[in-house]
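Undergrad: Next comes the structure file my_file_27.pdb, holding PDB, C-alpha atoms.
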ATOM      1  CA  MET A  22      61.440  33.039  31.217
ATOM      2  CA  ARG A  23      60.926  29.303  31.106
ATOM      3  CA  GLU A  24      57.913  29.773  33.285
ATOM      4  CA  SER A  25      56.384  32.230  30.865
ATOM      5  CA  ASP A  26      57.104  29.839  27.986
ATOM      6  CA  SER A  27      55.370  27.083  29.867
ATOM      7  CA  MET A  28      52.385  29.313  30.528
ATOM      8  CA  ARG A  29      52.190  30.260  26.873
ATOM      9  CA  ARG A  30      52.261  26.626  25.813
ATOM     10  CA  THR A  31      49.546  25.756  28.251
ATOM     11  CA  VAL A  32      47.359  28.566  26.935
ATOM     12  CA  LEU A  33      48.020  27.506  23.342
ATOM     13  CA  SER A  34      47.180  23.899  24.123
ATOM     14  CA  ALA A  35      43.942  24.926  25.798
ATOM     15  CA  THR A  36      43.060  27.112  22.825
ATOM     16  CA  ALA A  37      43.692  24.236  20.427
ATOM     17  CA  LEU A  38      41.475  21.963  22.478
ATOM     18  CA  ALA A  39      38.703  24.566  22.607
ATOM     19  CA  CYS A  40      38.835  25.160  18.845
ATOM     20  CA  THR A  41      38.663  21.443  18.188
ATOM     21  CA  ALA A  42      35.662  21.065  20.458
ATOM     22  CA  VAL A  43      33.864  23.962  18.757
ATOM     23  CA  LEU A  44      34.528  22.481  15.312
ATOM     24  CA  ALA A  45      33.258  19.100  16.417
ATOM     25  CA  GLY A  46      30.166  20.694  17.924
ATOM     26  CA  THR A  47      29.162  22.273  14.643
ATOM     27  CA  VAL A  48      28.911  18.909  12.901
ATOM     28  CA  PRO A  49      25.250  18.119  13.716
ATOM     29  CA  ALA A  50      24.236  21.456  12.223
ATOM     30  CA  PHE A  51      25.640  20.323   8.877
ATOM     31  CA  ALA A  52      23.661  17.118   9.131
ATOM     32  CA  ASP A  53      20.295  18.704   9.790
ATOM     33  CA  GLY A  54      20.042  20.665   6.608
ATOM     34  CA  ALA A  55      21.304  18.071   4.227
ATOM     35  CA  THR A  56      18.485  15.584   4.138
ATOM     36  CA  PRO A  57      17.652  14.699   0.552
ATOM     37  CA  VAL A  58      14.139  15.651  -0.391
ATOM     38  CA  PRO A  59      12.045  13.345  -2.580
ATOM     39  CA  SER A  60      11.839  14.949  -5.942
ATOM     40  CA  ALA A  61       8.480  16.359  -6.740
ATOM     41  CA  SER A  62       8.228  15.677 -10.377
ATOM     42  CA  PRO A  63       5.590  17.850 -11.936
ATOM     43  CA  THR A  64       2.729  15.680 -13.010
ATOM     44  CA  ARG A  65       0.356  18.100 -14.609
ATOM     45  CA  ALA A  66      -0.679  16.457 -17.766
ATOM     46  CA  THR A  67       0.759  17.676 -20.942
ATOM     47  CA  PRO A  68      -1.910  18.209 -23.515
ATOM     48  CA  THR A  69      -2.657  14.894 -25.080
ATOM     49  CA  THR A  70      -2.377  14.714 -28.774
ATOM     50  CA  ALA A  71      -6.021  14.320 -29.490
ATOM     51  CA  PRO A  72      -6.937  12.914 -32.842
ATOM     52  CA  ALA A  73      -7.632  15.473 -35.473
ATOM     53  CA  PRO A  74     -11.276  16.501 -35.633
ATOM     54  CA  SER A  75     -13.119  14.644 -38.307
ATOM     55  CA  ALA A  76     -16.499  14.783 -39.880
ATOM     56  CA  GLU A  77     -17.576  11.598 -38.170
ATOM     57  CA  PRO A  78     -19.113  12.308 -34.804
ATOM     58  CA  THR A  79     -17.754  10.528 -31.790
ATOM     59  CA  ARG A  80     -16.486   7.263 -33.143
ATOM     60  CA  ALA A  81     -13.626   5.925 -31.098
ATOM     61  CA  PRO A  82     -10.144   6.106 -32.560
ATOM     62  CA  ALA A  83      -9.081   3.122 -34.614
ATOM     63  CA  SER A  84      -6.440   2.246 -32.045
ATOM     64  CA  ALA A  85      -9.018   1.802 -29.304
ATOM     65  CA  ARG A  86      -9.588  -1.864 -30.003
ATOM     66  CA  PRO A  87     -10.349  -4.118 -27.059
ATOM     67  CA  SER A  88      -7.129  -4.666 -25.221
ATOM     68  CA  ALA A  89      -5.836  -6.146 -22.020
ATOM     69  CA  VAL A  90      -4.547  -2.754 -20.984
ATOM     70  CA  PRO A  91      -6.984  -0.093 -19.847
ATOM     71  CA  THR A  92      -7.420   2.404 -22.608
ATOM     72  CA  ARG A  93      -6.405   6.004 -22.255
ATOM     73  CA  VAL A  94      -9.415   8.033 -23.224
ATOM     74  CA  PRO A  95      -8.522  11.267 -24.989
ATOM     75  CA  GLY A  96     -10.197  14.475 -23.933
ATOM     76  CA  ARG A  97     -10.798  16.128 -20.592
ATOM     77  CA  GLY A  98      -9.170  14.266 -17.744
ATOM     78  CA  GLN A  99     -11.290  12.073 -15.533
ATOM     79  CA  VAL A 100      -9.038  13.199 -12.710
ATOM     80  CA  SER A 101      -9.693  16.883 -13.140
ATOM     81  CA  VAL A 102      -6.662  18.111 -11.181
ATOM     82  CA  ARG A 103      -3.508  16.068 -10.920
ATOM     83  CA  PRO A 104      -1.531  16.433  -7.695
ATOM     84  CA  SER A 105       1.963  17.741  -8.160
ATOM     85  CA  ALA A 106       3.825  14.936  -6.404
ATOM     86  CA  ALA A 107       3.548  11.455  -5.005
ATOM     87  CA  PRO A 108       1.280  11.210  -1.953
ATOM     88  CA  ASN A 109       3.037  11.209   1.376
ATOM     89  CA  THR A 110       1.031   8.591   3.218
ATOM     90  CA  GLY A 111       3.394   7.277   5.821
ATOM     91  CA  VAL A 112       4.749   8.897   8.938
ATOM     92  CA  THR A 113       7.431   6.938  10.703
ATOM     93  CA  GLU A 114       8.033   7.180  14.400
ATOM     94  CA  ALA A 115      10.014  10.232  15.334
ATOM     95  CA  SER A 116      13.480   8.894  15.990
ATOM     96  CA  SER A 117      16.898  10.291  16.497
ATOM     97  CA  GLY A 118      17.818   9.069  13.052
ATOM     98  CA  SER A 119      21.125   7.938  11.701
ATOM     99  CA  GLY A 120      22.207  11.498  10.972
ATOM    100  CA  ASP A 121      22.102  12.471  14.631
ATOM    101  CA  GLU A 122      23.902   9.293  15.558
ATOM    102  CA  GLY A 123      26.567  10.102  13.004
ATOM    103  CA  GLY A 124      26.981  13.530  14.518
ATOM    104  CA  LEU A 125      27.396  12.078  17.970
ATOM    105  CA  ILE A 126      29.921   9.558  16.755
ATOM    106  CA  GLY A 127      31.836  12.256  14.894
ATOM    107  CA  GLY A 128      31.829  14.522  17.912
ATOM    108  CA  ALA A 129      32.987  11.763  20.230
ATOM    109  CA  ALA A 130      35.782  10.755  17.865
ATOM    110  CA  ALA A 131      36.880  14.373  17.543
ATOM    111  CA  ALA A 132      36.912  14.778  21.308
ATOM    112  CA  LEU A 133      39.046  11.648  21.646
ATOM    113  CA  VAL A 134      41.499  12.907  19.061
ATOM    114  CA  ALA A 135      41.663  16.306  20.757
ATOM    115  CA  GLY A 136      42.218  14.698  24.151
ATOM    116  CA  GLY A 137      44.996  12.533  22.759
ATOM    117  CA  ALA A 138      46.639  15.533  21.179
ATOM    118  CA  ALA A 139      46.496  17.464  24.449
ATOM    119  CA  VAL A 140      48.088  14.577  26.346
ATOM    120  CA  PHE A 141      50.760  14.337  23.683
ATOM    121  CA  VAL A 142      51.524  18.023  23.948
ATOM    122  CA  VAL A 143      51.771  17.895  27.739
ATOM    123  CA  ARG A 144      54.044  14.873  27.697
ATOM    124  CA  ARG A 145      56.217  16.430  25.027
ATOM    125  CA  ARG A 146      56.501  19.589  27.058
ATOM    126  CA  ARG A 147      57.511  17.638  30.128
ATOM    127  CA  ALA A 148      60.025  15.619  28.152
ATOM    128  CA  THR A 149      61.641  18.770  26.872
ATOM    129  CA  GLY A 150      61.759  20.064  30.439
ATOM    130  CA  ALA A 151      59.554  23.050  29.788
TER     131      ALA A 151
ATOM    132  CA  MET B 240      55.061  26.378  20.922
ATOM    133  CA  THR B 241      57.608  23.814  19.771
ATOM    134  CA  PRO B 242      57.413  22.448  16.230
ATOM    135  CA  LEU B 243      56.208  19.145  17.684
ATOM    136  CA  SER B 244      53.413  20.820  19.629
ATOM    137  CA  ARG B 245      52.417  22.787  16.576
ATOM    138  CA  ARG B 246      52.223  19.563  14.561
ATOM    139  CA  ALA B 247      50.110  17.973  17.276
ATOM    140  CA  PHE B 248      47.708  20.908  17.229
ATOM    141  CA  VAL B 249      47.331  20.865  13.457
ATOM    142  CA  ALA B 250      46.821  17.094  13.456
ATOM    143  CA  ALA B 251      44.154  17.286  16.144
ATOM    144  CA  ALA B 252      42.206  20.040  14.410
ATOM    145  CA  THR B 253      42.375  18.321  11.024
ATOM    146  CA  ALA B 254      41.353  14.961  12.433
ATOM    147  CA  ALA B 255      38.396  16.493  14.235
ATOM    148  CA  LEU B 256      37.194  18.155  11.055
ATOM    149  CA  LEU B 257      37.539  15.023   8.964
ATOM    150  CA  VAL B 258      35.901  12.740  11.491
ATOM    151  CA  GLY B 259      33.088  15.129  12.232
ATOM    152  CA  CYS B 260      32.189  15.821   8.628
ATOM    153  CA  GLY B 261      32.403  12.199   7.602
ATOM    154  CA  GLY B 262      30.000  10.882  10.226
ATOM    155  CA  PRO B 263      26.655  12.408   9.453
ATOM    156  CA  GLY B 264      27.252  12.766   5.738
ATOM    157  CA  SER B 265      27.819   9.091   5.287
ATOM    158  CA  HIS B 266      24.195   8.206   6.032
ATOM    159  CA  ARG B 267      22.922   9.806   2.877
ATOM    160  CA  THR B 268      21.686   7.317   0.394
ATOM    161  CA  THR B 269      20.480   7.663  -3.088
ATOM    162  CA  THR B 270      17.012   6.484  -3.884
ATOM    163  CA  GLY B 271      17.740   4.943  -7.205
ATOM    164  CA  ARG B 272      15.904   1.721  -6.634
ATOM    165  CA  ALA B 273      14.695  -0.557  -9.313
ATOM    166  CA  GLN B 274      10.974  -0.837  -9.585
ATOM    167  CA  GLY B 275       9.964  -4.115  -8.109
ATOM    168  CA  THR B 276       6.814  -5.109  -9.874
ATOM    169  CA  PRO B 277       5.558  -5.052 -13.396
ATOM    170  CA  PRO B 278       3.034  -2.524 -14.640
ATOM    171  CA  PRO B 279      -0.606  -3.062 -13.886
ATOM    172  CA  SER B 280      -2.629  -5.402 -15.948
ATOM    173  CA  SER B 281      -6.314  -5.338 -16.512
ATOM    174  CA  ALA B 282      -9.157  -7.561 -15.460
ATOM    175  CA  PRO B 283      -8.884 -11.216 -16.414
ATOM    176  CA  ALA B 284      -9.507 -11.964 -20.045
ATOM    177  CA  GLY B 285     -13.072 -12.894 -20.762
ATOM    178  CA  ALA B 286     -14.449 -11.053 -17.767
ATOM    179  CA  LYS B 287     -17.666  -9.234 -18.501
ATOM    180  CA  PRO B 288     -17.313  -5.488 -18.207
ATOM    181  CA  ALA B 289     -19.141  -4.027 -15.255
ATOM    182  CA  HIS B 290     -21.687  -1.296 -15.747
ATOM    183  CA  ALA B 291     -20.633   2.062 -14.466
ATOM    184  CA  LEU B 292     -22.462   3.525 -11.517
ATOM    185  CA  GLY B 293     -23.817   7.003 -10.984
ATOM    186  CA  ARG B 294     -21.903   9.582  -9.018
ATOM    187  CA  SER B 295     -22.017   9.039  -5.282
ATOM    188  CA  VAL B 296     -19.294   9.988  -2.845
ATOM    189  CA  PRO B 297     -17.608   7.109  -0.958
ATOM    190  CA  VAL B 298     -18.202   6.966   2.774
ATOM    191  CA  GLY B 299     -16.684   3.612   3.694
ATOM    192  CA  LEU B 300     -14.124   1.092   2.505
ATOM    193  CA  ARG B 301     -13.866  -2.607   3.242
ATOM    194  CA  ILE B 302     -11.013  -4.916   2.200
ATOM    195  CA  PRO B 303     -11.647  -8.308   3.816
ATOM    196  CA  ALA B 304      -8.326  -9.860   2.750
ATOM    197  CA  ILE B 305      -6.345  -7.476   4.952
ATOM    198  CA  GLY B 306      -8.951  -6.677   7.580
ATOM    199  CA  VAL B 307      -9.676  -3.110   6.543
ATOM    200  CA  ASP B 308     -13.050  -1.582   7.382
ATOM    201  CA  THR B 309     -12.795   2.176   7.575
ATOM    202  CA  PRO B 310     -14.759   5.337   7.041
ATOM    203  CA  VAL B 311     -13.671   7.413   4.076
ATOM    204  CA  MET B 312     -13.115  11.151   4.228
ATOM    205  CA  ARG B 313     -12.739  13.634   1.394
ATOM    206  CA  LEU B 314      -9.341  14.916   0.391
ATOM    207  CA  GLY B 315      -8.360  17.833  -1.790
ATOM    208  CA  LEU B 316      -5.140  19.584  -2.593
ATOM    209  CA  GLU B 317      -2.669  21.356  -0.379
ATOM    210  CA  PRO B 318      -1.638  24.905  -1.316
ATOM    211  CA  ASP B 319       1.580  23.527  -2.801
ATOM    212  CA  GLY B 320      -0.360  21.306  -5.186
ATOM    213  CA  THR B 321       0.244  18.021  -3.409
ATOM    214  CA  MET B 322      -2.602  15.797  -2.406
ATOM    215  CA  GLN B 323      -3.977  16.138   1.087
ATOM    216  CA  VAL B 324      -3.618  13.073   3.268
ATOM    217  CA  PRO B 325      -5.786  11.872   6.151
ATOM    218  CA  PRO B 326      -4.785  13.212   9.575
ATOM    219  CA  VAL B 327      -2.196  11.291  11.545
ATOM    220  CA  THR B 328      -4.246   9.959  14.429
ATOM    221  CA  ALA B 329      -4.594   6.794  16.452
ATOM    222  CA  HIS B 330      -7.495   5.507  14.365
ATOM    223  CA  ASP B 331      -6.758   6.985  11.009
ATOM    224  CA  ARG B 332      -9.081   6.534   8.091
ATOM    225  CA  ALA B 333      -8.858   6.346   4.341
ATOM    226  CA  GLY B 334      -9.520   9.337   2.130
ATOM    227  CA  TRP B 335     -10.966   9.805  -1.330
ATOM    228  CA  TYR B 336      -9.378  12.348  -3.635
ATOM    229  CA  ARG B 337     -12.315  14.553  -4.562
ATOM    230  CA  HIS B 338     -10.900  15.571  -7.942
ATOM    231  CA  SER B 339     -11.138  11.970  -9.109
ATOM    232  CA  PRO B 340     -14.295  10.091 -10.132
ATOM    233  CA  THR B 341     -16.373   8.548  -7.384
ATOM    234  CA  PRO B 342     -15.937   4.775  -7.112
ATOM    235  CA  GLY B 343     -18.003   3.074  -9.813
ATOM    236  CA  GLN B 344     -17.872   5.966 -12.243
ATOM    237  CA  VAL B 345     -15.798   5.517 -15.358
ATOM    238  CA  GLY B 346     -12.249   6.551 -14.537
ATOM    239  CA  PRO B 347      -9.678   6.065 -11.809
ATOM    240  CA  SER B 348     -11.130   6.752  -8.394
ATOM    241  CA  VAL B 349      -8.247   7.506  -6.040
ATOM    242  CA  LEU B 350      -8.195   6.594  -2.360
ATOM    243  CA  LEU B 351      -5.344   7.125   0.088
ATOM    244  CA  GLY B 352      -4.450   5.765   3.476
ATOM    245  CA  HIS B 353      -1.441   5.842   5.766
ATOM    246  CA  VAL B 354       0.821   2.841   6.144
ATOM    247  CA  THR B 355       1.988   4.044   9.545
ATOM    248  CA  VAL B 356       0.933   6.996  11.646
ATOM    249  CA  GLY B 357       4.065   7.873  13.563
ATOM    250  CA  SER B 358       3.952   7.048  17.243
ATOM    251  CA  TYR B 359       0.377   5.765  16.874
ATOM    252  CA  GLY B 360       1.676   2.715  15.030
ATOM    253  CA  ASP B 361       0.075   1.043  12.043
ATOM    254  CA  GLY B 362      -2.028   2.993   9.614
ATOM    255  CA  VAL B 363      -5.229   1.861   7.960
ATOM    256  CA  PHE B 364      -3.328   0.691   4.860
ATOM    257  CA  ARG B 365      -0.535  -1.035   6.790
ATOM    258  CA  ARG B 366      -1.058  -4.331   4.979
ATOM    259  CA  LEU B 367      -2.043  -2.977   1.585
ATOM    260  CA  ALA B 368       1.032  -4.534  -0.041
ATOM    261  CA  ARG B 369      -0.258  -7.985   0.887
ATOM    262  CA  LEU B 370      -3.188  -7.767  -1.508
ATOM    263  CA  ARG B 371      -3.183 -10.151  -4.412
ATOM    264  CA  ARG B 372      -4.811 -10.120  -7.766
ATOM    265  CA  GLY B 373      -8.496 -10.929  -7.471
ATOM    266  CA  ASP B 374      -8.850  -9.782  -3.848
ATOM    267  CA  ARG B 375     -12.090  -7.988  -3.210
ATOM    268  CA  ILE B 376     -12.550  -4.340  -2.317
ATOM    269  CA  VAL B 377     -15.952  -2.941  -1.393
ATOM    270  CA  VAL B 378     -16.699   0.753  -1.288
ATOM    271  CA  ARG B 379     -19.767   2.033   0.521
ATOM    272  CA  LEU B 380     -21.320   4.995  -1.205
ATOM    273  CA  GLU B 381     -23.222   7.955   0.140
ATOM    274  CA  ASN B 382     -26.414   6.861  -1.643
ATOM    275  CA  GLY B 383     -26.504   3.645   0.375
ATOM    276  CA  THR B 384     -25.218   1.345  -2.352
ATOM    277  CA  GLU B 385     -21.912  -0.457  -2.570
ATOM    278  CA  ALA B 386     -19.379  -0.803  -5.367
ATOM    279  CA  GLY B 387     -17.351  -4.004  -5.521
ATOM    280  CA  PHE B 388     -13.911  -4.084  -7.087
ATOM    281  CA  ALA B 389     -11.329  -6.788  -7.743
ATOM    282  CA  VAL B 390      -7.605  -6.169  -7.502
ATOM    283  CA  THR B 391      -5.945  -6.310 -10.919
ATOM    284  CA  ALA B 392      -2.387  -5.314 -10.022
ATOM    285  CA  LEU B 393      -0.143  -4.027  -7.280
ATOM    286  CA  ARG B 394       2.937  -1.931  -7.770
ATOM    287  CA  THR B 395       5.626  -0.641  -5.460
ATOM    288  CA  VAL B 396       7.408   2.311  -7.013
ATOM    289  CA  ALA B 397       9.943   4.880  -5.902
ATOM    290  CA  LYS B 398       8.224   8.168  -5.121
ATOM    291  CA  LYS B 399      10.528   9.983  -7.459
ATOM    292  CA  ASP B 400       9.254   7.737 -10.256
ATOM    293  CA  PHE B 401       5.578   7.962  -9.299
ATOM    294  CA  PRO B 402       3.607   6.710 -12.324
ATOM    295  CA  ALA B 403       1.185   9.621 -12.542
ATOM    296  CA  ASP B 404      -0.169   8.603 -15.932
ATOM    297  CA  ASP B 405      -0.959   5.086 -14.766
ATOM    298  CA  VAL B 406      -2.588   6.348 -11.586
ATOM    299  CA  TYR B 407      -4.416   9.463 -12.752
ATOM    300  CA  GLY B 408      -4.684   8.853 -16.481
ATOM    301  CA  ASP B 409      -8.031   8.267 -18.119
ATOM    302  CA  VAL B 410      -9.384   4.742 -18.532
ATOM    303  CA  ASN B 411     -12.473   3.350 -20.238
ATOM    304  CA  ARG B 412     -14.034   1.597 -17.269
ATOM    305  CA  PRO B 413     -14.612   2.159 -13.542
ATOM    306  CA  GLU B 414     -11.383   1.574 -11.680
ATOM    307  CA  LEU B 415      -9.947   2.143  -8.263
ATOM    308  CA  ARG B 416      -6.516   3.217  -7.044
ATOM    309  CA  LEU B 417      -5.518   2.602  -3.466
ATOM    310  CA  ILE B 418      -2.309   4.371  -2.519
ATOM    311  CA  THR B 419      -0.092   4.278   0.514
ATOM    312  CA  CYS B 420       3.607   4.482   1.287
ATOM    313  CA  GLY B 421       6.080   1.646   1.537
ATOM    314  CA  GLY B 422       9.609   0.529   0.934
ATOM    315  CA  PRO B 423      12.611   1.764   2.873
ATOM    316  CA  ARG B 424      12.149   4.439   5.500
ATOM    317  CA  SER B 425      13.864   7.760   5.149
ATOM    318  CA  GLY B 426      13.811  10.215   8.012
ATOM    319  CA  HIS B 427      10.150  10.594   8.892
ATOM    320  CA  GLY B 428       8.724   9.002   5.758
ATOM    321  CA  TYR B 429       9.114   6.336   3.126
ATOM    322  CA  LEU B 430      10.876   6.234  -0.205
ATOM    323  CA  ASP B 431       8.241   4.274  -2.121
ATOM    324  CA  ASN B 432       4.544   4.238  -2.842
ATOM    325  CA  VAL B 433       2.429   1.097  -2.889
ATOM    326  CA  ILE B 434      -0.353   1.349  -5.445
ATOM    327  CA  VAL B 435      -3.207  -1.118  -5.834
ATOM    328  CA  PHE B 436      -5.098  -1.110  -9.106
ATOM    329  CA  ALA B 437      -8.609  -2.536  -9.109
ATOM    330  CA  ALA B 438     -11.514  -2.705 -11.522
ATOM    331  CA  LEU B 439     -15.241  -2.678 -10.866
ATOM    332  CA  SER B 440     -16.591  -6.206 -10.699
ATOM    333  CA  PRO B 441     -19.609  -7.255 -12.739
ATOM    334  CA  GLY B 442     -22.754  -7.491 -10.680
ATOM    335  CA  THR B 443     -21.340  -5.098  -8.132
ATOM    336  CA  PRO B 444     -21.061  -5.284  -5.221
TER     337      PRO B 444
END
Can you present the structure in this file as structure tokens?
TA:
Amino acid sequence: MRESDSMRRTVLSATALACTAVLAGTVPAFADGATPVPSASPTRATPTTAPAPSAEPTRAPASARPSAVPTRVPGRGQVSVRPSAAPNTGVTEASSGSGDEGGLIGGAAAALVAGGAAVFVVRRRRATGA
Amino acid sequence: MTPLSRRAFVAAATAALLVGCGGPGSHRTTTGRAQGTPPPSSAPAGAKPAHALGRSVPVGLRIPAIGVDTPVMRLGLEPDGTMQVPPVTAHDRAGWYRHSPTPGQVGPSVLLGHVTVGSYGDGVFRRLARLRRGDRIVVRLENGTEAGFAVTALRTVAKKDFPADDVYGDVNRPELRLITCGGPRSGHGYLDNVIVFAALSPGTP
């Protein structure tokens, strides 16, 4: 009877350890999909409020006085098609990245905790004479 | 299982979950960075306006201050509406956005280059952020002429706050925009863009 109890405890302890290891192993999968993506703010130009058509031909608007700041010219865009997001002009070296490192650290810590728990269970069982 | 063993099991499982979830999640950072530099300014006061040039596609780019001398390729749009970028190769080149004016025409002519090209190392625009106001930029055109520009401003901005109006908006003189990436790295890319604003110099090149 005591032997069967001991066997059952051993099996339960092993199951607990296995479950813990499986849970820890799933951590990197959470990390991979959670990378924040740079927001792609839509940049298509909203129609500019062009000055109302007037009888005078193409005289510049009164506000277009010489200025230190480049003037925005109303009408058809000089850049005929605006890209939809900021250019992505930098590729860093492929590295393991901090997310993977975090996963490894988390997994290692979980394994340590699980190992400690298993040792505790075994010692407790021995102390109780099981 | 004794009550003590049961408690040990629950504690181990809970600790593993907490530790495991906390590790990788903690590396996430928000990109809410303050913009570092003021908006672009124009050419120095009193400078004579340069005459616009006729349309001619750029084929080369030279920036003596940072040692750039590169061919220029044409870039369009990707299917998702983003701008194409030059290929990531050992000797990458700059690219001209073909939906923008050619350099020397009235309007913002847009050129791109990589700051780094992955395992190949530095990109053609690696030192773009070192440019200073007044530095010279020379664009070689397909018709055999050259267009000379002077840097008027440099901005480093978060990509999420990309100043599309300042970069692509209409202007009343020939200007140039040189764009690359910069700032903190994030995964395989960068969080910021470095943008150089330049205006056509009188008596170009």
Undergrad: At what distance in Å, to one decimal, does CA of Ala386 (chain B) lie from CA of Gly421 (chain B)?
TA: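 Separation of CA of Gly421 (chain B) and CA of Ala386 (chain B): 26.5 Å.
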Undergrad: To test your reading of the syntax: which residues would the PyMOL selection byres ((chain B and resi 362) around 8) return for the file shown? Reply as an mmCIF file with C-alpha atoms, in the coordinates of the input.
TA:
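In the end it all went to expr_23.cif:
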data_model
loop_
_atom_site.group_PDB
_atom_site.id
_atom_site.type_symbol
_atom_site.label_atom_id
_atom_site.label_comp_id
_atom_site.auth_asym_id
_atom_site.auth_seq_id
_atom_site.Cartn_x
_atom_site.Cartn_y
_atom_site.Cartn_z
ATOM 1 C CA GLY A 111 3.394 7.277 5.821
ATOM 2 C CA HIS B 330 -7.495 5.507 14.365
ATOM 3 C CA ASP B 331 -6.758 6.985 11.009
ATOM 4 C CA GLY B 352 -4.450 5.765 3.476
ATOM 5 C CA HIS B 353 -1.441 5.842 5.766
ATOM 6 C CA VAL B 354 0.821 2.841 6.144
ATOM 7 C CA THR B 355 1.988 4.044 9.545
ATOM 8 C CA VAL B 356 0.933 6.996 11.646
ATOM 9 C CA GLY B 360 1.676 2.715 15.030
ATOM 10 C CA ASP B 361 0.075 1.043 12.043
ATOM 11 C CA VAL B 363 -5.229 1.861 7.960
ATOM 12 C CA PHE B 364 -3.328 0.691 4.860
ATOM 13 C CA ARG B 365 -0.535 -1.035 6.790
#
Undergrad: Can you pull out every residue within 12 Å of Pro318 (chain B), counting only C-alpha atoms, but drop anything in the same chain fewer than 4 positions away, and send it as a list in words?
TA: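 Here the answer would be Pro104 and Ser105 of chain A; Met322 and Gln323 of chain B.
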Undergrad: Just give me the gap between CA of Glu381 (chain B) and CA of Leu351 (chain B) in Å, one decimal is fine.
TA: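 For CA of Glu381 (chain B) relative to CA of Leu351 (chain B), the distance reads 17.9 Å.
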Undergrad: Expanded to explicit residues, what is the PyMOL selection byres ((chain B and resi 305) around 9) for this file, as a list of chain:residue names?
TA: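 For this structure, the PyMOL selection byres ((chain B and resi 305) around 9) captures B:Ile302, B:Pro303, B:Ala304, B:Gly306, B:Val307, B:Phe364, B:Arg365, B:Arg366, B:Leu367, B:Arg369, B:Leu370.
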Undergrad: Kindly indicate which residue among B:Gly346, B:Gly428, B:Gly334, B:Gly299 lies nearest to Asp405 (chain B), using only C-alpha atoms for the distances.
TA: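 Looking at the shortest contact to Asp405 (chain B), the residue is B:Gly346.
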Undergrad: Could you work out how far CA of Gly383 (chain B) lies from CA of Val100 (chain A), giving the answer in Å with one decimal?
TA: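 Atom-to-atom, CA of Val100 (chain A) to CA of Gly383 (chain B), that is 23.8 Å.
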Undergrad: Tell me which residues the PyMOL selection byres ((chain A and resi 99) around 8) grabs here, as an NGL selection string.
TA: (:A and (97-98 or 100-101)) or (:B and (339-340 or 345-347 or 407-409))
